[in-house]
Amino acid sequence: MREPAQADVVLAGDGTLFLGLLRRDLLLVYRRRADAVTVLVFFSIVVSLFPLGVGADPNLLRLLGGGVVWVAALLASLLSLNRLFAADHADGTLEQILLSPLPLPLTALAKVTAHWIATGIPLTLMAPVLGMQFGLDGDGLLVLSAGVLLGTPVLSLVGAVGAALTLGLRGGNLLVALLILPLNIPVLILGAGAVDAAQSGLGAGAHLSLLGALLVGTLVGAPFAVAAALRISLD
Amino acid sequence: MREPAQADVVLAGDGTLFLGLLRRDLLLVYRRRADAVTVLVFFSIVVSLFPLGVGADPNLLRLLGGGVVWVAALLASLLSLNRLFAADHADGTLEQILLSPLPLPLTALAKVTAHWIATGIPLTLMAPVLGMQFGLDGDGLLVLSAGVLLGTPVLSLVGAVGAALTLGLRGGNLLVALLILPLNIPVLILGAGAVDAAQSGLGAGAHLSLLGALLVGTLVGAPFAVAAALRISLD
Amino acid sequence: MLELKSLACVRGERRLFSGISARYAPGTLVRVCGDNGTGKTSLLRLVAGLSEPAAGQILWQGQDSQRERAAFQRDLVYLGHASGIKDELDPVENLMASSALAAEGIEIGAARQALGEMGLGERLALECKVLSAGQRRRVALARLLVTRKPLWLLDEPFNALDPQAVERLADTVGRHLAAGGMCLYTTHQPVPIRATQSVELRLGRN
Amino acid sequence: MLELKSLACVRGERRLFSGISARYAPGTLVRVCGDNGTGKTSLLRLVAGLSEPAAGQILWQGQDSQRERAAFQRDLVYLGHASGIKDELDPVENLMASSALAAEGIEIGAARQALGEMGLGERLALECKVLSAGQRRRVALARLLVTRKPLWLLDEPFNALDPQAVERLADTVGRHLAAGGMCLYTTHQPVPIRATQSVELRLGRN
Amino acid sequence: MTRINWFKYASPATFFPLAGRLIPWFRALAVLFGVAGLYVGFFVAPTDFQQGEAYRIIFLHVPAAWMSMFLYMLMALYAGLGLVFNTRLSSMMARAVAPTGALFTFLALWTGSMWGRPMWGTYWVWDARLTSELILLFLYFGYMALVAAIDDPRRGDRAGGVLALVGAVNVPIIYFSVKWWNTLHQGSSINLTRAPSMAAMMLWGMLLMALCFWMYSIAVILARVQCVIAEREQRSAWLQELAAGEA
Ligand code: HEM
Ligand SMILES: Nc1ncnc2c1ncn2[C@@H]1O[C@H](COP(=O)(O)OP(=O)(O)OP(=O)(O)O)[C@@H](O)[C@H]1O
Ligand SMILES: Nc1ncnc2c1ncn2[C@@H]1O[C@H](COP(=O)(O)OP(=O)(O)OP(=O)(O)O)[C@@H](O)[C@H]1O
Ligand SMILES: [Mg+2]
Ligand SMILES: [Mg+2]
């Protein structure tokens, strides 16, 4: 008779587990690669909507450029959040994740990383192209890209907290928006501010280092918040 | 033995069926009334993000006001689209709807009506309040409200086509955005243009009547497109 | 009178079945049999008109069901794996809504009674979201107690039901057949249903 | 050794059960019985640690499972109504992913073999989205063929399976028990499972 | 009178070899017209008295813009036929047209903005024609994204058909935008009722380039539709047998 001891169960370390989960999520991203393209197109469309709405004076547009691109990035990241946990929740995978030996904050981090790879990186690559449409110049474009690169992980991390909290609630989509948009305002202000500063010849260094600090902060804190939120949502 | 003739089946007319479906959807809206509030809050947040992104010069803001409010309305309407059919699809209600004797275009119309009541009306009520924040004056506000009132049903109708086409597809949310945002650009241009025209003292009559014509056109055409799309998506 | 004429169904590159022909008179109970994945669900959806056959026809009362779609759909009830129960509505609201949708609007009293018969008397005021798997299924099945449509298409209706509920449902189907109705259903657990005429439609061996 | 100590579960204002106490030795098969809505699913989720009991404790190997959560969860497999199958992945990818998640990573060969044993040999390259209800269930259950965890919690595992698959699953559970494993499960259709020690845990009468 | 059985060519199986035989011809014609058009455009046509040499972009820009709109209408027509009559070939044609249409749309946008820099002092303005052309690009993308997102080809065809038809309202908007709105962009200078208001050689250059684009489109679309047919029919060869047996 086998004693139900753990001895004969092959236990994988946390690192292996983390990579395993990340790999599964990236596989899913790959399967749904149309999604990544869609994020980009959404991003471009939203950016293009603005000139239509507010009129097309080039000077005005150059003024707005950074802000509009940032707002659009924020919205694109927001819209893709429902991919983070909702599907796993509906099909029961989330229960399996909770039962996994991997510490929940690490699970959260793996999922957020996959999400960022699928949305943050495309946004970062696209941002300068859109910035050009608004007549931003070399320096402004560089700062815009750097800002988006630093800012999108923050958006994904903070978004994950909101997504986890609203799991299974009706109207989750909008509720998430409601919860996290206010939290993301600092990112927006810093990101757009950096572009403005660069455009007007002032250095954007301060803005960018603040964004970096924000990233480090959320990277440390958010996974725990997500873990707690997941436990609550599944009870 | 009962011959399976229709004679003894109490048949309701299309009107009754239409109202029945509308009532059910409104009941659901009422149950999820938090959603309607969330649409409003989302709307307000997006509108408020702009001054943060682009800086707060009052003259600039007055210039942007109409456009920003319209873009936000478009996005809010877009975000709430996934409520239209997705839930019905996932839980099997859509099959029942397809099997209902009510002609499918009427079904579509009933559902769109419920959606508009839940989102379009709140947006219409909120728009002037937000317009005021941007320093729009009496005439501008009036035109803004009238435009939103005429425009939101178009957004719902066109949105329904996109939502029906992408039913059950992964990444549906963003795909919808991709499909319908381009189609909604005319609404945006006319709506924002009307506000501008009013602000600059020209009459907004032409813009508004074009919006009205657009509404009539989509009201006639969209339900059929939605019906076709629903049949396709469920095959 | 339901007639299947050399029906075929294709999914992806796989032909699930083809050349299925049969005639069923009123009062017939048809059990669609077959292992997992042989195409039972696909067949029922096809008969209901929810998907199109790769080949063949379905005749109802001698009419092509695809051409006379409206008349045909007015005569049938389809209950699939997903049962069309709204999480936010309570059982009574759900039953009334689904009946109304099928143009058979019922009074609140009738709805309560039917749900009571399905053993949900104590749960009438709860949102369906919190009901157990079997209770949700019962809410969907209550529809059969209030419909007067002649053709029932039931996909694994006994799933998740406890033995009493299974018996009650078998009884309901039996009465429907006795009144001249017709029922196509699938199930993996054999359930005795009272029927004067009972046939099996066996699907593929793959 | 699994021990339940006067467990109670409350949903809304309703007490589903209370004062449930029992001790199960390795090798025991526990069938959780009860009508629809008596709290079987709730009990299994509670044992798995997915929700918290209103009162009482669960001891595993003498340790409080809530305090020693990590150690406990490393020993159990839970398969609920929703089976955690990803629509976009094929059966092999699904099985490998779910195993990896439970820290029991397996080779692709082992995954293929397990799925082949579950009768999915021909469907290994299809997205799970297009599989039939029973086939999806089989993908989820294939996990049981490759796990070595001692405690299995299975919520209506036989649902949607055809008779052969039911038999195969019963066999798998039997072998697990023979090897000293333990299994709590629910089902409405009685299935004979070979077990040296088999007990019933009967829930409420409401 | 002998009737040609046109429906014969509506079957992918007969169309496939026909397409194969036509492709080289159209390819050759495309090269021919292209060389002629570029020659006329860059060496024969006179320098514009207002715009200098930059105007020569017109020889790419205008034909590309025409093609972008025309191909959309063609795609919508095919998709609509496929939707209504359930003809497989027309849906495949619609799929094959979309990428080429998107390409020309992009080309029109790109050459337009290259031209805008010297003419208007900016690459991009948000005027009605430019915007509606951009929308056209998005519509092509939307169509391609939608059909790509649906695995079942038949369902994808039909869903795409609905979208293509709905989006067709945009084309007249592009065409008439210069009339309806007072914009920066040029109005129509080629008109059936009036004599062309540009130099004959310029007109010739444009026409030759337009012909070149036409031939190129036909060649590429035929090649692409061959791929689509090959991909689908290899899977469903037995399906045809089945349908034939049943008929
Ligand atoms: C990205 C920018 C541009 C876009 C999207 C665009 C789009 C179009 C389109 C769609 C047409 C075809 C319309 C028709 O057949 O009536 C067209 C034609 C034309 N475009 Fe542009 N255009 C752009 C920039 C420019 C610029 C900068 C110029 C020169 C100043 C220009 C000059 C013309 C001319 C002369 C025609 C021919 C009109 C005719 O003869 O019908 N375009 N353009
Ligand atoms: N794209 C595809 N390629 C190949 N096979 C497919 C494809 N899509 C579906 N199938 C197969 O078609 C069948 C669909 O079966 P269906 O759902 O009708 O089965 P069922 O008899 O209801 O089974 P169950 O008893 O499990 O409910 C499955 O065997 C599935 O694997
Ligand atoms: N908020 C609530 N108020 C009252 N009762 C509730 C509430 N939430 C859940 N319930 C009841 O709790 C029970 C949950 O039961 P559970 O899902 O555990 O049943 P089960 O034994 O698994 O049934 P089944 O055999 O149908 O799967 C149901 O009877 C449900 O009606
Ligand atoms: Mg089935
Ligand atoms: Mg249960």
# chains A, B, ... in the order shown; residues from 1 in each chain; ligands from 1

call {"tool": "calpha_fit_and_write", "arguments": {"fixed": "chain D", "moving": "chain C", "output": "PDB file with C-alpha atoms, in the first residue's frame"}}
result
ATOM      1  CA  MET C   1      -5.585  10.038   6.542  1.00  0.00           C
ATOM      2  CA  LEU C   2      -8.285  12.632   5.934  1.00  0.00           C
ATOM      3  CA  GLU C   3     -10.378  13.856   8.805  1.00  0.00           C
ATOM      4  CA  LEU C   4     -13.379  16.171   8.695  1.00  0.00           C
ATOM      5  CA  LYS C   5     -14.200  17.821  11.990  1.00  0.00           C
ATOM      6  CA  SER C   6     -17.738  19.121  12.416  1.00  0.00           C
ATOM      7  CA  LEU C   7     -17.724  20.931   9.100  1.00  0.00           C
ATOM      8  CA  ALA C   8     -20.472  23.372   8.335  1.00  0.00           C
ATOM      9  CA  CYS C   9     -21.319  25.252   5.178  1.00  0.00           C
ATOM     10  CA  VAL C  10     -23.539  28.258   4.775  1.00  0.00           C
ATOM     11  CA  ARG C  11     -24.742  29.783   1.520  1.00  0.00           C
ATOM     12  CA  GLY C  12     -26.675  33.000   1.736  1.00  0.00           C
ATOM     13  CA  GLU C  13     -29.156  32.470   4.534  1.00  0.00           C
ATOM     14  CA  ARG C  14     -29.213  28.755   4.113  1.00  0.00           C
ATOM     15  CA  ARG C  15     -27.243  26.274   6.143  1.00  0.00           C
ATOM     16  CA  LEU C  16     -26.411  23.509   3.696  1.00  0.00           C
ATOM     17  CA  PHE C  17     -24.936  21.159   6.259  1.00  0.00           C
ATOM     18  CA  SER C  18     -23.267  21.259   9.618  1.00  0.00           C
ATOM     19  CA  GLY C  19     -21.583  18.978  12.059  1.00  0.00           C
ATOM     20  CA  ILE C  20     -20.087  16.712   9.424  1.00  0.00           C
ATOM     21  CA  SER C  21     -17.357  14.607  10.992  1.00  0.00           C
ATOM     22  CA  ALA C  22     -15.582  11.650   9.520  1.00  0.00           C
ATOM     23  CA  ARG C  23     -12.202   9.914   9.224  1.00  0.00           C
ATOM     24  CA  TYR C  24     -11.010   8.225   6.093  1.00  0.00           C
ATOM     25  CA  ALA C  25      -8.005   5.926   5.871  1.00  0.00           C
ATOM     26  CA  PRO C  26      -5.863   5.580   2.739  1.00  0.00           C
ATOM     27  CA  GLY C  27      -7.492   3.331   0.189  1.00  0.00           C
ATOM     28  CA  THR C  28     -11.003   4.566   0.991  1.00  0.00           C
ATOM     29  CA  LEU C  29     -13.544   5.469  -1.635  1.00  0.00           C
ATOM     30  CA  VAL C  30     -16.028   8.064  -0.405  1.00  0.00           C
ATOM     31  CA  ARG C  31     -19.149   8.723  -2.380  1.00  0.00           C
ATOM     32  CA  VAL C  32     -20.769  11.996  -1.438  1.00  0.00           C
ATOM     33  CA  CYS C  33     -24.484  11.443  -1.924  1.00  0.00           C
ATOM     34  CA  GLY C  34     -27.467  13.694  -1.876  1.00  0.00           C
ATOM     35  CA  ASP C  35     -30.130  15.216  -4.027  1.00  0.00           C
ATOM     36  CA  ASN C  36     -29.598  18.256  -6.208  1.00  0.00           C
ATOM     37  CA  GLY C  37     -28.621  21.232  -4.164  1.00  0.00           C
ATOM     38  CA  THR C  38     -27.795  19.460  -0.940  1.00  0.00           C
ATOM     39  CA  GLY C  39     -24.247  20.753  -0.995  1.00  0.00           C
ATOM     40  CA  LYS C  40     -22.077  18.095  -2.580  1.00  0.00           C
ATOM     41  CA  THR C  41     -20.197  20.532  -4.766  1.00  0.00           C
ATOM     42  CA  SER C  42     -19.900  22.935  -1.867  1.00  0.00           C
ATOM     43  CA  LEU C  43     -18.425  20.199   0.307  1.00  0.00           C
ATOM     44  CA  LEU C  44     -15.821  19.188  -2.226  1.00  0.00           C
ATOM     45  CA  ARG C  45     -14.741  22.785  -2.821  1.00  0.00           C
ATOM     46  CA  LEU C  46     -14.495  23.259   0.876  1.00  0.00           C
ATOM     47  CA  VAL C  47     -12.331  20.192   1.317  1.00  0.00           C
ATOM     48  CA  ALA C  48     -10.133  21.363  -1.538  1.00  0.00           C
ATOM     49  CA  GLY C  49      -9.639  24.653   0.254  1.00  0.00           C
ATOM     50  CA  LEU C  50     -11.335  26.679  -2.476  1.00  0.00           C
ATOM     51  CA  SER C  51     -13.794  28.120  -0.019  1.00  0.00           C
ATOM     52  CA  GLU C  52     -13.832  28.448   3.715  1.00  0.00           C
ATOM     53  CA  PRO C  53     -16.079  26.477   6.027  1.00  0.00           C
ATOM     54  CA  ALA C  54     -18.508  28.385   8.223  1.00  0.00           C
ATOM     55  CA  ALA C  55     -17.250  26.180  11.023  1.00  0.00           C
ATOM     56  CA  GLY C  56     -15.046  23.146  11.453  1.00  0.00           C
ATOM     57  CA  GLN C  57     -11.708  21.907  10.266  1.00  0.00           C
ATOM     58  CA  ILE C  58     -10.176  19.579   7.739  1.00  0.00           C
ATOM     59  CA  LEU C  59      -7.154  17.580   8.834  1.00  0.00           C
ATOM     60  CA  TRP C  60      -4.824  15.933   6.352  1.00  0.00           C
ATOM     61  CA  GLN C  61      -2.202  13.567   7.759  1.00  0.00           C
ATOM     62  CA  GLY C  62      -3.032  15.064  11.125  1.00  0.00           C
ATOM     63  CA  GLN C  63      -2.290  18.640  10.011  1.00  0.00           C
ATOM     64  CA  ASP C  64      -4.851  21.393   9.759  1.00  0.00           C
ATOM     65  CA  SER C  65      -5.251  21.786   6.022  1.00  0.00           C
ATOM     66  CA  GLN C  66      -5.905  25.489   6.224  1.00  0.00           C
ATOM     67  CA  ARG C  67      -2.790  26.219   8.172  1.00  0.00           C
ATOM     68  CA  GLU C  68      -0.637  23.835   6.105  1.00  0.00           C
ATOM     69  CA  ARG C  69      -2.331  24.844   2.915  1.00  0.00           C
ATOM     70  CA  ALA C  70       0.662  24.476   0.616  1.00  0.00           C
ATOM     71  CA  ALA C  71       1.528  20.966   1.791  1.00  0.00           C
ATOM     72  CA  PHE C  72      -2.104  19.903   1.570  1.00  0.00           C
ATOM     73  CA  GLN C  73      -2.691  21.277  -1.893  1.00  0.00           C
ATOM     74  CA  ARG C  74       0.411  19.542  -3.108  1.00  0.00           C
ATOM     75  CA  ASP C  75      -1.325  16.271  -2.317  1.00  0.00           C
ATOM     76  CA  LEU C  76      -4.660  16.762  -3.992  1.00  0.00           C
ATOM     77  CA  VAL C  77      -6.313  16.794  -7.380  1.00  0.00           C
ATOM     78  CA  TYR C  78      -9.665  18.554  -7.741  1.00  0.00           C
ATOM     79  CA  LEU C  79     -11.815  18.217 -10.837  1.00  0.00           C
ATOM     80  CA  GLY C  80     -15.034  20.216 -10.714  1.00  0.00           C
ATOM     81  CA  HIS C  81     -17.986  20.878 -12.974  1.00  0.00           C
ATOM     82  CA  ALA C  82     -15.886  23.260 -15.014  1.00  0.00           C
ATOM     83  CA  SER C  83     -12.915  21.268 -16.047  1.00  0.00           C
ATOM     84  CA  GLY C  84     -10.283  23.866 -16.809  1.00  0.00           C
ATOM     85  CA  ILE C  85      -9.881  22.954 -20.463  1.00  0.00           C
ATOM     86  CA  LYS C  86      -8.666  25.773 -22.685  1.00  0.00           C
ATOM     87  CA  ASP C  87     -10.637  26.097 -25.887  1.00  0.00           C
ATOM     88  CA  GLU C  88      -7.654  27.254 -27.905  1.00  0.00           C
ATOM     89  CA  LEU C  89      -5.245  24.515 -26.930  1.00  0.00           C
ATOM     90  CA  ASP C  90      -5.291  20.993 -28.272  1.00  0.00           C
ATOM     91  CA  PRO C  91      -5.740  18.064 -25.881  1.00  0.00           C
ATOM     92  CA  VAL C  92      -2.015  17.378 -25.554  1.00  0.00           C
ATOM     93  CA  GLU C  93      -1.217  20.987 -24.742  1.00  0.00           C
ATOM     94  CA  ASN C  94      -4.064  21.112 -22.277  1.00  0.00           C
ATOM     95  CA  LEU C  95      -2.939  18.016 -20.456  1.00  0.00           C
ATOM     96  CA  MET C  96       0.673  19.120 -20.322  1.00  0.00           C
ATOM     97  CA  ALA C  97      -0.300  22.562 -19.092  1.00  0.00           C
ATOM     98  CA  SER C  98      -2.586  21.322 -16.355  1.00  0.00           C
ATOM     99  CA  SER C  99      -0.010  18.804 -15.182  1.00  0.00           C
ATOM    100  CA  ALA C 100       2.718  21.412 -15.160  1.00  0.00           C
ATOM    101  CA  LEU C 101       0.503  23.703 -13.139  1.00  0.00           C
ATOM    102  CA  ALA C 102       0.160  21.009 -10.491  1.00  0.00           C
ATOM    103  CA  ALA C 103       3.943  20.640 -10.387  1.00  0.00           C
ATOM    104  CA  GLU C 104       3.796  17.283 -12.121  1.00  0.00           C
ATOM    105  CA  GLY C 105       5.185  18.229 -15.500  1.00  0.00           C
ATOM    106  CA  ILE C 106       5.018  15.393 -18.018  1.00  0.00           C
ATOM    107  CA  GLU C 107       6.626  14.618 -21.361  1.00  0.00           C
ATOM    108  CA  ILE C 108       4.686  14.948 -24.571  1.00  0.00           C
ATOM    109  CA  GLY C 109       4.870  11.187 -25.054  1.00  0.00           C
ATOM    110  CA  ALA C 110       3.216  10.495 -21.722  1.00  0.00           C
ATOM    111  CA  ALA C 111       0.500  13.028 -22.492  1.00  0.00           C
ATOM    112  CA  ARG C 112      -0.244  11.456 -25.855  1.00  0.00           C
ATOM    113  CA  GLN C 113      -0.394   8.045 -24.329  1.00  0.00           C
ATOM    114  CA  ALA C 114      -2.769   9.073 -21.559  1.00  0.00           C
ATOM    115  CA  LEU C 115      -5.069  10.810 -24.034  1.00  0.00           C
ATOM    116  CA  GLY C 116      -4.909   7.782 -26.281  1.00  0.00           C
ATOM    117  CA  GLU C 117      -6.045   5.646 -23.389  1.00  0.00           C
ATOM    118  CA  MET C 118      -8.967   7.998 -22.907  1.00  0.00           C
ATOM    119  CA  GLY C 119      -9.951   7.335 -26.499  1.00  0.00           C
ATOM    120  CA  LEU C 120      -8.870  10.634 -27.942  1.00  0.00           C
ATOM    121  CA  GLY C 121      -6.100   9.240 -30.139  1.00  0.00           C
ATOM    122  CA  GLU C 122      -7.626  10.614 -33.322  1.00  0.00           C
ATOM    123  CA  ARG C 123      -8.408  14.045 -31.943  1.00  0.00           C
ATOM    124  CA  LEU C 124      -5.009  15.051 -30.607  1.00  0.00           C
ATOM    125  CA  ALA C 125      -4.471  17.804 -33.136  1.00  0.00           C
ATOM    126  CA  LEU C 126      -7.847  19.507 -32.809  1.00  0.00           C
ATOM    127  CA  GLU C 127      -8.503  22.597 -30.739  1.00  0.00           C
ATOM    128  CA  CYS C 128     -10.543  21.584 -27.722  1.00  0.00           C
ATOM    129  CA  LYS C 129     -13.177  24.127 -28.728  1.00  0.00           C
ATOM    130  CA  VAL C 130     -14.529  21.792 -31.383  1.00  0.00           C
ATOM    131  CA  LEU C 131     -14.585  18.656 -29.277  1.00  0.00           C
ATOM    132  CA  SER C 132     -17.857  17.179 -28.109  1.00  0.00           C
ATOM    133  CA  ALA C 133     -19.001  17.513 -24.513  1.00  0.00           C
ATOM    134  CA  GLY C 134     -17.813  14.025 -23.616  1.00  0.00           C
ATOM    135  CA  GLN C 135     -14.486  14.463 -25.355  1.00  0.00           C
ATOM    136  CA  ARG C 136     -13.730  17.635 -23.428  1.00  0.00           C
ATOM    137  CA  ARG C 137     -14.529  15.829 -20.231  1.00  0.00           C
ATOM    138  CA  ARG C 138     -12.124  13.079 -21.250  1.00  0.00           C
ATOM    139  CA  VAL C 139      -9.340  15.556 -21.784  1.00  0.00           C
ATOM    140  CA  ALA C 140      -9.819  16.779 -18.231  1.00  0.00           C
ATOM    141  CA  LEU C 141      -9.967  13.271 -16.837  1.00  0.00           C
ATOM    142  CA  ALA C 142      -6.790  12.195 -18.594  1.00  0.00           C
ATOM    143  CA  ARG C 143      -5.087  14.132 -15.867  1.00  0.00           C
ATOM    144  CA  LEU C 144      -5.933  11.318 -13.476  1.00  0.00           C
ATOM    145  CA  LEU C 145      -3.882   8.873 -15.535  1.00  0.00           C
ATOM    146  CA  VAL C 146      -0.699  10.859 -15.069  1.00  0.00           C
ATOM    147  CA  THR C 147      -0.976  12.180 -11.545  1.00  0.00           C
ATOM    148  CA  ARG C 148       0.563  10.584  -8.521  1.00  0.00           C
ATOM    149  CA  LYS C 149      -1.220  12.659  -5.934  1.00  0.00           C
ATOM    150  CA  PRO C 150      -2.905  10.685  -3.184  1.00  0.00           C
ATOM    151  CA  LEU C 151      -6.185  12.576  -2.694  1.00  0.00           C
ATOM    152  CA  TRP C 152      -8.678  12.898  -5.522  1.00  0.00           C
ATOM    153  CA  LEU C 153     -11.748  15.096  -5.325  1.00  0.00           C
ATOM    154  CA  LEU C 154     -14.005  14.461  -8.298  1.00  0.00           C
ATOM    155  CA  ASP C 155     -17.280  16.315  -8.795  1.00  0.00           C
ATOM    156  CA  GLU C 156     -19.595  14.326 -11.067  1.00  0.00           C
ATOM    157  CA  PRO C 157     -16.741  12.913 -13.102  1.00  0.00           C
ATOM    158  CA  PHE C 158     -19.012  10.566 -15.034  1.00  0.00           C
ATOM    159  CA  ASN C 159     -21.157  13.314 -16.480  1.00  0.00           C
ATOM    160  CA  ALA C 160     -21.375  13.313 -20.270  1.00  0.00           C
ATOM    161  CA  LEU C 161     -19.215  10.196 -20.605  1.00  0.00           C
ATOM    162  CA  ASP C 162     -20.351   7.236 -22.665  1.00  0.00           C
ATOM    163  CA  PRO C 163     -20.495   3.798 -20.979  1.00  0.00           C
ATOM    164  CA  GLN C 164     -17.034   2.696 -22.106  1.00  0.00           C
ATOM    165  CA  ALA C 165     -15.468   5.864 -20.811  1.00  0.00           C
ATOM    166  CA  VAL C 166     -17.334   5.462 -17.535  1.00  0.00           C
ATOM    167  CA  GLU C 167     -15.910   1.984 -17.167  1.00  0.00           C
ATOM    168  CA  ARG C 168     -12.402   3.139 -17.971  1.00  0.00           C
ATOM    169  CA  LEU C 169     -12.626   5.902 -15.409  1.00  0.00           C
ATOM    170  CA  ALA C 170     -14.016   3.534 -12.760  1.00  0.00           C
ATOM    171  CA  ASP C 171     -11.062   1.302 -13.453  1.00  0.00           C
ATOM    172  CA  THR C 172      -8.605   4.168 -13.053  1.00  0.00           C
ATOM    173  CA  VAL C 173     -10.116   5.136  -9.734  1.00  0.00           C
ATOM    174  CA  GLY C 174     -10.022   1.496  -8.621  1.00  0.00           C
ATOM    175  CA  ARG C 175      -6.319   1.281  -9.345  1.00  0.00           C
ATOM    176  CA  HIS C 176      -5.682   4.529  -7.528  1.00  0.00           C
ATOM    177  CA  LEU C 177      -7.422   3.158  -4.446  1.00  0.00           C
ATOM    178  CA  ALA C 178      -5.580  -0.144  -4.632  1.00  0.00           C
ATOM    179  CA  ALA C 179      -2.321   1.797  -4.576  1.00  0.00           C
ATOM    180  CA  GLY C 180      -3.364   3.417  -1.315  1.00  0.00           C
ATOM    181  CA  GLY C 181      -4.891   6.574  -2.722  1.00  0.00           C
ATOM    182  CA  MET C 182      -8.106   8.123  -1.564  1.00  0.00           C
ATOM    183  CA  CYS C 183     -11.031   9.454  -3.550  1.00  0.00           C
ATOM    184  CA  LEU C 184     -14.058  11.587  -2.689  1.00  0.00           C
ATOM    185  CA  TYR C 185     -16.516  11.817  -5.542  1.00  0.00           C
ATOM    186  CA  THR C 186     -20.104  12.640  -6.345  1.00  0.00           C
ATOM    187  CA  THR C 187     -22.369  11.091  -8.903  1.00  0.00           C
ATOM    188  CA  HIS C 188     -26.076  10.707  -9.506  1.00  0.00           C
ATOM    189  CA  GLN C 189     -25.753   7.571 -11.616  1.00  0.00           C
ATOM    190  CA  PRO C 190     -24.437   4.708  -9.509  1.00  0.00           C
ATOM    191  CA  VAL C 191     -21.196   3.340 -10.955  1.00  0.00           C
ATOM    192  CA  PRO C 192     -19.481   0.237  -9.602  1.00  0.00           C
ATOM    193  CA  ILE C 193     -15.911   1.017  -8.589  1.00  0.00           C
ATOM    194  CA  ARG C 194     -13.587  -1.658  -7.279  1.00  0.00           C
ATOM    195  CA  ALA C 195     -12.635  -0.637  -3.765  1.00  0.00           C
ATOM    196  CA  THR C 196     -11.674  -2.513  -0.639  1.00  0.00           C
ATOM    197  CA  GLN C 197     -13.198   0.141   1.517  1.00  0.00           C
ATOM    198  CA  SER C 198     -16.135   2.108   0.272  1.00  0.00           C
ATOM    199  CA  VAL C 199     -18.280   4.474   2.277  1.00  0.00           C
ATOM    200  CA  GLU C 200     -21.047   6.936   1.632  1.00  0.00           C
ATOM    201  CA  LEU C 201     -21.290  10.437   2.979  1.00  0.00           C
ATOM    202  CA  ARG C 202     -24.923  11.402   2.732  1.00  0.00           C
ATOM    203  CA  LEU C 203     -25.901  15.037   2.721  1.00  0.00           C
ATOM    204  CA  GLY C 204     -29.071  16.728   3.926  1.00  0.00           C
ATOM    205  CA  ARG C 205     -32.613  16.135   3.198  1.00  0.00           C
ATOM    206  CA  ASN C 206     -33.795  19.487   1.945  1.00  0.00           C
TER     207      ASN C 206
END

call {"tool": "residues_near_ligand", "arguments": {"ligand": "ligand 1", "cutoff": "8 Å", "atoms": "only C-alpha atoms and all ligand atoms", "output": "number ranges by chain"}}
result
E: 55, 58, 61-66, 68-69, 105, 108-120, 123-125, 129-134, 174-176, 178, 185-191

call {"tool": "select_by_dssp", "arguments": {"residues": "segment 19-68 of chain C", "states": "strand (DSSP E or B)", "output": "PyMOL selection string"}}
result
chain C and resi 19-24+28-33+55-60+63-64

call {"tool": "residues_around", "arguments": {"residues": "Ile189 of chain A", "least_positions_apart": "2", "cutoff": "9 Å", "atoms": "only C-alpha atoms", "output": "list of chain:residue names"}}
result
A:Gly67, A:Trp70, A:Asn184, A:Ile185, A:Pro186, A:Val187, A:Gly191, A:Ala192, A:Gly193, A:Ala194, B:Leu52, B:Gly53, B:Val54

call {"tool": "atom_distance", "arguments": {"atom1": "atom CA of Leu130 of chain A", "atom2": "atom CA of Ala206 of chain A"}}
result
23.8 Å

call {"tool": "residues_around", "arguments": {"residues": "Gly140 of chain B", "least_positions_apart": "4", "cutoff": "7 Å", "atoms": "only C-alpha atoms", "output": "PyMOL selection string"}}
result
chain B and resi 136+144+195+198-199

call {"tool": "write_last_selection", "arguments": {"atoms": "N, CA and C atoms", "output": "short mmCIF file (atom, residue, chain, number, x, y, z; two decimals), in the first residue's frame"}}
result
data_model
loop_
_atom_site.label_atom_id
_atom_site.label_comp_id
_atom_site.auth_asym_id
_atom_site.auth_seq_id
_atom_site.Cartn_x
_atom_site.Cartn_y
_atom_site.Cartn_z
N LEU B 136 -17.88 74.76 -22.42
CA LEU B 136 -18.83 74.97 -23.51
C LEU B 136 -19.96 75.85 -22.99
N LEU B 144 -24.53 69.73 -28.32
CA LEU B 144 -23.84 68.52 -27.88
C LEU B 144 -24.86 67.46 -27.47
N VAL B 195 -20.86 70.62 -32.67
CA VAL B 195 -20.51 71.44 -31.51
C VAL B 195 -19.63 72.61 -31.94
N ALA B 198 -21.62 75.22 -33.67
CA ALA B 198 -22.43 75.99 -32.73
C ALA B 198 -21.57 76.98 -31.96
N GLN B 199 -20.38 76.52 -31.53
CA GLN B 199 -19.49 77.37 -30.76
C GLN B 199 -19.06 78.59 -31.57
#
